[in-house]
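> My questions all concern the structure below.
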Amino acid sequence: MKRTETVHLVYFTGTGGTKRVADSLGQAFSRRGLKVQTTELNARPHEPVEADLLVLAYPVYACNAPTPVDEWVAAAPDGTGREAAVVSVSGGGEVTPNTACRADVIRRLERKGYRIAGEAMFVMPANLFIAYDDALCAMLLQAAPKKAEAFVSAVLSGNGDRMRPHPWDRVLAKLCTIEKMGDGFFGQKLKANDDCVSCGWCQAHCPRGNIKMRGGKPYFSNRCVICLRCVYGCPRRGIEPSIARFTILKDGFNLAAVEARTWDQTSFPPVEELTPGKARAGVRAYLLADETAPQA
């Protein structure tokens, strides 16, 4: 096996969870003396990078990779003689319907000649449907660097995991590509409410260049990928969707604020207490899988 000396870490992030994972992965590689070059997928063009190991990280959208990742993989350089690792990030963990969320990306990388050295699911606080309390968010944030260390060690030693998606999830992932086709429609239906003060934050921070200020108000085009950065990141909560509003967390989502409130928390309730029921079974399994969860 060729010795790995350089790493190209490519990631897309919406509301910040995948960035935390990517940062942890980059630090873990750097601690081993590897040269790491990082590319965040956004509206700017990206120059090709040659490295021994490609690491691709992204949040799960509609049981798949988000469109920016699809676009990057399509334009990725030839991978013959190189390795790749694929990391997905979700609020639910490695459970149905997410178990096939890396399959298409891996298949296309293999077609480009890459040898897959490992894959993994990281869990970050959820930003849709269910709001996690601060204690669970803090546990997930604190577990990420330890999970990253374990993942990097496995990949570099040639012992990276390969997952087997559930057959039904493979079908579901294909069906959900239809949902991705509706991303632009969702984006066009975003609107500025009366709390908007025309500050331009949304235009400056949209990773797709989907928002332009016109007449002092944001105008939304059809390049949206439903990352929700504008909805949750607006300093005045001045942007809201016109459709699928039930999916948005009522109190918003601010990962940086959670980190600020909980960075020094060292005592936690039992994992089982924080993750009751079937809806959080994947989160529970993730935290209990090894010694990375903070202790109660």
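Simple scheme: letters A, B, ... for chains in structure tokens order, numbers from 1 for residues in each chain, numbers from 1 for ligands in the order shown.
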A:Asp264: which residues within 12 Å, counting only C-alpha atoms, same-chain residues fewer than 2 positions away excluded, as a ChimeraX atom specification?
/A:135,138-139,141-142,258-262,266-268,294
> When DSSP is applied to the backbone of this structure, which of stretch 41-132 of chain A are assigned strand (DSSP E)? Write them out as a CSV table (one decimal) with all heavy atoms, in the first residue's frame.

```csv
chain,number,residue,atom,x,y,z
A,53,LEU,N,-4.6,11.0,-0.9
A,53,LEU,CA,-5.8,10.6,-0.4
A,53,LEU,C,-6.9,11.7,-0.5
A,53,LEU,O,-6.6,12.8,-0.1
A,53,LEU,CB,-5.7,10.2,1.1
A,53,LEU,CG,-6.9,9.9,1.9
A,53,LEU,CD1,-7.6,8.6,1.4
A,53,LEU,CD2,-6.6,9.7,3.4
A,54,LEU,N,-8.0,11.4,-1.1
A,54,LEU,CA,-9.1,12.3,-1.1
A,54,LEU,C,-10.1,11.9,0.0
A,54,LEU,O,-10.5,10.7,0.2
A,54,LEU,CB,-9.9,12.2,-2.5
A,54,LEU,CG,-11.3,12.8,-2.5
A,54,LEU,CD1,-11.2,14.3,-2.4
A,54,LEU,CD2,-12.0,12.3,-3.8
A,55,VAL,N,-10.5,12.9,0.8
A,55,VAL,CA,-11.6,12.7,1.8
A,55,VAL,C,-12.7,13.6,1.5
A,55,VAL,O,-12.6,14.8,1.4
A,55,VAL,CB,-11.0,12.9,3.2
A,55,VAL,CG1,-12.2,12.7,4.2
A,55,VAL,CG2,-9.8,12.0,3.5
A,56,LEU,N,-13.9,13.0,1.3
A,56,LEU,CA,-15.1,13.8,0.9
A,56,LEU,C,-16.1,13.7,2.0
A,56,LEU,O,-16.5,12.6,2.4
A,56,LEU,CB,-15.6,13.2,-0.4
A,56,LEU,CG,-16.7,13.9,-1.2
A,56,LEU,CD1,-16.3,15.4,-1.5
A,56,LEU,CD2,-17.1,13.2,-2.4
A,57,ALA,N,-16.5,14.8,2.5
A,57,ALA,CA,-17.5,14.9,3.6
A,57,ALA,C,-18.7,15.8,3.3
A,57,ALA,O,-18.5,16.8,2.7
A,57,ALA,CB,-16.8,15.4,4.9
A,58,TYR,N,-19.9,15.3,3.6
A,58,TYR,CA,-21.1,16.1,3.3
A,58,TYR,C,-22.2,15.7,4.2
A,58,TYR,O,-22.3,14.6,4.7
A,58,TYR,CB,-21.4,15.8,1.8
A,58,TYR,CG,-21.6,14.4,1.4
A,58,TYR,CD1,-22.8,13.7,1.7
A,58,TYR,CD2,-20.6,13.6,0.8
A,58,TYR,CE1,-23.0,12.4,1.3
A,58,TYR,CE2,-20.8,12.3,0.5
A,58,TYR,CZ,-22.0,11.7,0.7
A,58,TYR,OH,-22.1,10.4,0.4
A,59,PRO,N,-23.2,16.6,4.3
A,59,PRO,CA,-24.4,16.2,5.0
A,59,PRO,C,-25.4,15.4,4.1
A,59,PRO,O,-25.3,15.6,2.9
A,59,PRO,CB,-25.0,17.6,5.4
A,59,PRO,CG,-24.5,18.5,4.3
A,59,PRO,CD,-23.2,18.0,3.9
A,83,GLU,N,-6.3,6.9,-3.3
A,83,GLU,CA,-7.4,6.4,-2.4
A,83,GLU,C,-8.4,7.5,-2.1
A,83,GLU,O,-8.0,8.7,-2.2
A,83,GLU,CB,-6.8,5.8,-1.1
A,83,GLU,CG,-5.9,4.6,-1.3
A,83,GLU,CD,-5.4,4.0,0.0
A,83,GLU,OE1,-5.2,4.8,0.9
A,83,GLU,OE2,-5.3,2.8,0.1
A,84,ALA,N,-9.5,7.1,-1.7
A,84,ALA,CA,-10.6,8.1,-1.3
A,84,ALA,C,-11.3,7.5,-0.1
A,84,ALA,O,-11.5,6.3,0.1
A,84,ALA,CB,-11.5,8.3,-2.4
A,85,ALA,N,-11.8,8.4,0.8
A,85,ALA,CA,-12.6,8.0,1.9
A,85,ALA,C,-13.9,8.9,1.9
A,85,ALA,O,-13.7,10.1,1.5
A,85,ALA,CB,-11.9,8.1,3.2
A,86,VAL,N,-15.0,8.4,2.2
A,86,VAL,CA,-16.3,9.2,2.1
A,86,VAL,C,-16.9,9.2,3.5
A,86,VAL,O,-17.1,8.2,4.1
A,86,VAL,CB,-17.2,8.5,1.1
A,86,VAL,CG1,-18.5,9.3,1.0
A,86,VAL,CG2,-16.5,8.5,-0.3
A,87,VAL,N,-17.3,10.4,3.9
A,87,VAL,CA,-17.9,10.6,5.2
A,87,VAL,C,-19.2,11.4,5.0
A,87,VAL,O,-19.3,12.4,4.4
A,87,VAL,CB,-17.0,11.5,6.1
A,87,VAL,CG1,-17.7,11.9,7.4
A,87,VAL,CG2,-15.7,10.7,6.5
A,88,SER,N,-20.3,10.8,5.6
A,88,SER,CA,-21.6,11.4,5.6
A,88,SER,C,-21.9,11.9,7.0
A,88,SER,O,-21.4,11.4,8.0
A,88,SER,CB,-22.6,10.5,5.1
A,88,SER,OG,-22.6,9.3,5.8
A,89,VAL,N,-22.7,12.9,7.0
A,89,VAL,CA,-23.0,13.5,8.3
A,89,VAL,C,-24.6,13.7,8.4
A,89,VAL,O,-25.2,14.2,7.5
A,89,VAL,CB,-22.4,14.9,8.5
A,89,VAL,CG1,-22.7,15.5,9.9
A,89,VAL,CG2,-20.9,14.8,8.3
A,90,SER,N,-25.2,13.2,9.5
A,90,SER,CA,-26.6,13.4,9.6
A,90,SER,C,-27.0,13.5,11.1
A,90,SER,O,-26.1,13.4,12.0
A,90,SER,CB,-27.3,12.1,9.1
A,90,SER,OG,-27.2,11.0,10.0
A,115,ARG,N,-9.5,4.0,-5.2
A,115,ARG,CA,-9.8,2.9,-4.3
A,115,ARG,C,-10.3,3.4,-3.0
A,115,ARG,O,-9.8,4.3,-2.4
A,115,ARG,CB,-8.5,2.1,-4.0
A,115,ARG,CG,-8.7,0.8,-3.3
A,115,ARG,CD,-7.4,0.1,-2.8
A,115,ARG,NE,-6.9,0.8,-1.7
A,115,ARG,CZ,-7.3,0.5,-0.4
A,115,ARG,NH1,-8.3,-0.3,-0.2
A,115,ARG,NH2,-6.7,1.1,0.6
A,116,ILE,N,-11.5,2.9,-2.6
A,116,ILE,CA,-12.1,3.4,-1.4
A,116,ILE,C,-11.5,2.8,-0.2
A,116,ILE,O,-11.5,1.6,0.1
A,116,ILE,CB,-13.6,3.1,-1.4
A,116,ILE,CG1,-14.3,3.6,-2.7
A,116,ILE,CG2,-14.3,3.7,-0.2
A,116,ILE,CD1,-14.1,5.1,-2.9
A,117,ALA,N,-10.9,3.7,0.7
A,117,ALA,CA,-10.1,3.2,1.8
A,117,ALA,C,-11.0,3.2,3.1
A,117,ALA,O,-10.5,2.7,4.1
A,117,ALA,CB,-8.9,4.2,2.0
A,118,GLY,N,-12.2,3.7,3.0
A,118,GLY,CA,-13.1,3.7,4.2
A,118,GLY,C,-14.3,4.6,4.0
A,118,GLY,O,-14.3,5.5,3.2
A,119,GLU,N,-15.3,4.4,4.8
A,119,GLU,CA,-16.5,5.3,4.8
A,119,GLU,C,-17.0,5.3,6.2
A,119,GLU,O,-16.8,4.4,7.0
A,119,GLU,CB,-17.5,4.8,3.8
A,119,GLU,CG,-18.0,3.4,4.1
A,119,GLU,CD,-19.1,2.9,3.1
A,119,GLU,OE1,-20.1,3.6,3.0
A,119,GLU,OE2,-18.9,1.9,2.4
A,120,ALA,N,-17.8,6.3,6.5
A,120,ALA,CA,-18.3,6.4,7.9
A,120,ALA,C,-19.4,7.4,7.9
A,120,ALA,O,-19.6,8.3,7.1
A,120,ALA,CB,-17.2,6.9,8.9
A,121,MET,N,-20.3,7.3,8.9
A,121,MET,CA,-21.3,8.2,9.2
A,121,MET,C,-21.0,8.9,10.5
A,121,MET,O,-20.7,8.3,11.6
A,121,MET,CB,-22.7,7.5,9.4
A,121,MET,CG,-23.8,8.4,9.8
A,121,MET,SD,-24.4,9.6,8.6
A,121,MET,CE,-25.5,8.5,7.6
A,122,PHE,N,-20.9,10.2,10.5
A,122,PHE,CA,-20.8,11.0,11.7
A,122,PHE,C,-22.2,11.6,12.1
A,122,PHE,O,-23.0,11.9,11.2
A,122,PHE,CB,-19.8,12.1,11.6
A,122,PHE,CG,-18.4,11.7,11.7
A,122,PHE,CD1,-17.8,10.9,10.8
A,122,PHE,CD2,-17.6,12.2,12.7
A,122,PHE,CE1,-16.5,10.5,10.9
A,122,PHE,CE2,-16.3,11.9,12.8
A,122,PHE,CZ,-15.7,11.0,11.9
A,123,VAL,N,-22.5,11.8,13.3
A,123,VAL,CA,-23.8,12.3,13.8
A,123,VAL,C,-23.5,13.7,14.4
A,123,VAL,O,-22.7,13.8,15.3
A,123,VAL,CB,-24.5,11.4,14.8
A,123,VAL,CG1,-25.8,12.0,15.2
A,123,VAL,CG2,-24.7,10.0,14.2
```
> Using only C-alpha atoms, find each residue in stretch 150-226 of chain A having at least one atom no more than 12 Å away from stretch 62-75 of chain A; report its shortest atom-to-atom pair and that distance in Å (one decimal), rows by chain then rising number, as CSV.

```
residue,atom,partner,partner_atom,distance
A:Pro165,CA,A:Cys63,CA,11.5
A:Trp168,CA,A:Cys63,CA,11.7
A:Asp169,CA,A:Cys63,CA,8.1
A:Arg170,CA,A:Cys63,CA,9.1
A:Val171,CA,A:Cys63,CA,10.2
A:Leu172,CA,A:Cys63,CA,7.4
A:Ala173,CA,A:Cys63,CA,5.1
A:Lys174,CA,A:Asn64,CA,8.4
A:Leu175,CA,A:Ala62,CA,9.2
A:Cys176,CA,A:Ala62,CA,5.5
A:Thr177,CA,A:Ala62,CA,7.0
A:Ile178,CA,A:Ala62,CA,8.9
A:Glu179,CA,A:Ala62,CA,6.6
A:Lys180,CA,A:Ala62,CA,6.7
A:Met181,CA,A:Thr67,CA,9.4
A:Gly182,CA,A:Ala62,CA,10.8
A:Asp183,CA,A:Thr67,CA,9.3
A:Gly184,CA,A:Thr67,CA,10.9
A:Pro207,CA,A:Pro68,CA,9.2
A:Arg208,CA,A:Pro68,CA,8.3
A:Gly209,CA,A:Pro68,CA,11.9
A:Arg223,CA,A:Thr67,CA,9.7
A:Cys224,CA,A:Thr67,CA,9.4
A:Val225,CA,A:Thr67,CA,6.7
A:Ile226,CA,A:Pro66,CA,9.0
```
> For the residues selected in the previous step, produce a file with N, CA, C and O atoms as a tab-separated table (two decimals), in the first residue's frame.

```
chain	number	residue	atom	x	y	z
A	165	PRO	N	-25.20	-1.13	2.53
A	165	PRO	CA	-26.52	-0.47	2.66
A	165	PRO	C	-27.65	-1.48	2.67
A	165	PRO	O	-27.57	-2.54	2.04
A	168	TRP	N	-33.49	-1.87	0.77
A	168	TRP	CA	-34.57	-0.91	0.60
A	168	TRP	C	-34.03	0.52	0.56
A	168	TRP	O	-34.54	1.38	-0.15
A	169	ASP	N	-32.99	0.78	1.32
A	169	ASP	CA	-32.43	2.13	1.33
A	169	ASP	C	-31.79	2.49	-0.01
A	169	ASP	O	-31.77	3.66	-0.40
A	170	ARG	N	-31.26	1.49	-0.70
A	170	ARG	CA	-30.74	1.75	-2.05
A	170	ARG	C	-31.86	2.23	-2.97
A	170	ARG	O	-31.69	3.18	-3.74
A	171	VAL	N	-33.01	1.57	-2.88
A	171	VAL	CA	-34.16	1.97	-3.69
A	171	VAL	C	-34.63	3.36	-3.28
A	171	VAL	O	-34.92	4.22	-4.12
A	172	LEU	N	-34.69	3.58	-1.97
A	172	LEU	CA	-35.17	4.86	-1.46
A	172	LEU	C	-34.25	6.00	-1.88
A	172	LEU	O	-34.71	7.09	-2.24
A	173	ALA	N	-32.94	5.75	-1.87
A	173	ALA	CA	-31.99	6.79	-2.28
A	173	ALA	C	-32.21	7.18	-3.74
A	173	ALA	O	-32.15	8.36	-4.10
A	174	LYS	N	-32.51	6.20	-4.58
A	174	LYS	CA	-32.77	6.49	-5.99
A	174	LYS	C	-34.07	7.28	-6.14
A	174	LYS	O	-34.16	8.24	-6.92
A	175	LEU	N	-35.09	6.89	-5.39
A	175	LEU	CA	-36.35	7.60	-5.46
A	175	LEU	C	-36.22	9.04	-4.98
A	175	LEU	O	-36.86	9.95	-5.51
A	176	CYS	N	-35.38	9.24	-3.97
A	176	CYS	CA	-35.25	10.57	-3.38
A	176	CYS	C	-34.46	11.54	-4.25
A	176	CYS	O	-34.40	12.73	-3.94
A	177	THR	N	-33.84	11.04	-5.32
A	177	THR	CA	-33.20	11.99	-6.24
A	177	THR	C	-34.23	12.91	-6.85
A	177	THR	O	-33.91	14.03	-7.26
A	178	ILE	N	-35.49	12.47	-6.89
A	178	ILE	CA	-36.57	13.32	-7.39
A	178	ILE	C	-36.74	14.52	-6.47
A	178	ILE	O	-36.97	15.64	-6.93
A	179	GLU	N	-36.60	14.29	-5.16
A	179	GLU	CA	-36.72	15.40	-4.20
A	179	GLU	C	-35.64	16.45	-4.44
A	179	GLU	O	-35.90	17.65	-4.35
A	180	LYS	N	-34.43	15.99	-4.78
A	180	LYS	CA	-33.35	16.94	-5.03
A	180	LYS	C	-33.66	17.84	-6.22
A	180	LYS	O	-33.22	18.98	-6.28
A	181	MET	N	-34.43	17.31	-7.17
A	181	MET	CA	-34.80	18.11	-8.33
A	181	MET	C	-35.70	19.27	-7.94
A	181	MET	O	-35.82	20.25	-8.69
A	182	GLY	N	-36.35	19.17	-6.77
A	182	GLY	CA	-37.23	20.24	-6.32
A	182	GLY	C	-36.55	21.27	-5.44
A	182	GLY	O	-37.21	22.20	-4.96
A	183	ASP	N	-35.23	21.13	-5.25
A	183	ASP	CA	-34.52	22.08	-4.38
A	183	ASP	C	-34.68	23.52	-4.87
A	183	ASP	O	-34.87	24.44	-4.07
A	184	GLY	N	-34.55	23.70	-6.18
A	184	GLY	CA	-34.65	25.06	-6.72
A	184	GLY	C	-36.01	25.68	-6.48
A	184	GLY	O	-36.11	26.89	-6.20
A	207	PRO	N	-23.90	29.52	0.07
A	207	PRO	CA	-22.83	28.76	-0.58
A	207	PRO	C	-23.07	28.49	-2.06
A	207	PRO	O	-22.20	27.97	-2.75
A	208	ARG	N	-24.23	28.85	-2.55
A	208	ARG	CA	-24.57	28.61	-3.96
A	208	ARG	C	-24.70	29.89	-4.77
A	208	ARG	O	-24.98	29.85	-5.97
A	209	GLY	N	-24.53	31.04	-4.14
A	209	GLY	CA	-24.75	32.29	-4.85
A	209	GLY	C	-26.18	32.44	-5.31
A	209	GLY	O	-26.46	33.05	-6.35
A	223	ARG	N	-31.06	28.09	-7.60
A	223	ARG	CA	-29.85	27.29	-7.37
A	223	ARG	C	-29.77	26.80	-5.92
A	223	ARG	O	-28.75	26.28	-5.49
A	224	CYS	N	-30.84	26.94	-5.20
A	224	CYS	CA	-30.88	26.52	-3.80
A	224	CYS	C	-30.70	25.00	-3.69
A	224	CYS	O	-31.14	24.24	-4.55
A	225	VAL	N	-30.04	24.56	-2.61
A	225	VAL	CA	-29.92	23.13	-2.31
A	225	VAL	C	-30.50	22.80	-0.93
A	225	VAL	O	-30.24	21.75	-0.36
A	226	ILE	N	-31.28	23.73	-0.40
A	226	ILE	CA	-31.95	23.57	0.90
A	226	ILE	C	-30.94	23.31	2.02
A	226	ILE	O	-31.13	22.44	2.87
```
> Residues at most 7 Å from A:Gly113, counting only C-alpha atoms, excluding those fewer than 3 positions away in the same chain, as a ChimeraX atom specification?
/A:78-80,109-110
> With C-alpha atoms kept, could you save the residues just selected as a PDB file, in the first residue's frame?

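Saved result, again-v7.pdb, follows:
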```pdb
ATOM      1  CA  ASP A  78      -8.717  10.945 -12.369  1.00  0.00           C
ATOM      2  CA  GLY A  79      -8.149   8.845  -9.286  1.00  0.00           C
ATOM      3  CA  THR A  80      -6.048   6.019 -10.674  1.00  0.00           C
ATOM      4  CA  LEU A 109     -15.401   7.663  -7.412  1.00  0.00           C
ATOM      5  CA  GLU A 110     -14.555   4.037  -8.141  1.00  0.00           C
TER       6      GLU A 110
END
```
> For each of A:Leu136, A:Ile248, A:Ala76, A:Ala131, take the minimum atom-to-atom distance to A:Glu273, counting only C-alpha atoms, then give the residue where this is smallest.
A:Leu136
> Got a sec: who's within 8 Å of stretch 194-200 of chain A, counting only C-alpha atoms, leaving out chain neighbours fewer than 4 positions off, as a PyMOL selection string?
chain A and resi 204+213+216-218+236-239
> Residues near A:Ala144, anyone? I mean within 10 Å using only C-alpha atoms, not counting same-chain ones fewer than 4 positions away, as a PyMOL selection string.
chain A and resi 17+20-25+122-124+139-140+148-150+292-293
> Could you please determine the separation between atom CA of A:Ala279 and atom CA of A:Gly92 in Å, to one decimal place?
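Separating atom CA of A:Ala279 from atom CA of A:Gly92 is a distance of 7.7 Å.
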> Could you give me the residues within stretch 31-203 of chain A that DSSP places in helix (DSSP H, G or I), as number ranges by chain?
A: 31, 67-75, 103-111, 134-156, 167-175, 177-181, 183-188, 201-203
> Please list as a short mmCIF file (atom, residue, chain, number, x, y, z; two decimals) with C-alpha atoms, in the first residue's frame every residue within 9 Å of A:Glu50, counting only C-alpha atoms and excluding residues in the same chain fewer than 4 positions away.

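To be explicit, this is the file written out as selection-v5.cif:
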```cif
data_model
loop_
_atom_site.label_atom_id
_atom_site.label_comp_id
_atom_site.auth_asym_id
_atom_site.auth_seq_id
_atom_site.Cartn_x
_atom_site.Cartn_y
_atom_site.Cartn_z
CA THR A 6 -0.90 14.39 1.25
CA VAL A 7 -4.64 14.66 1.87
CA HIS A 8 -7.27 16.65 -0.01
CA LEU A 54 -9.14 12.28 -1.11
CA PRO A 77 -9.65 14.49 -11.42
#
```
> Just the number, please: distance in Å from atom CA of A:Ala143 to atom CA of A:Arg82, one decimal.
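Answer for the atom CA of A:Ala143 to atom CA of A:Arg82 separation: 29.1 Å.
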> My list of candidates is A:Asp161, A:Phe129, A:Gly277, A:Leu288. Which is closest to A:Ala244 when distances are computed with only C-alpha atoms?
A:Phe129
> Provide the atom CA of A:Thr275 to atom CA of A:Pro125 distance in Å, to one decimal place.
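Straight-line distance from atom CA of A:Thr275 to atom CA of A:Pro125 works out to 12.1 Å.
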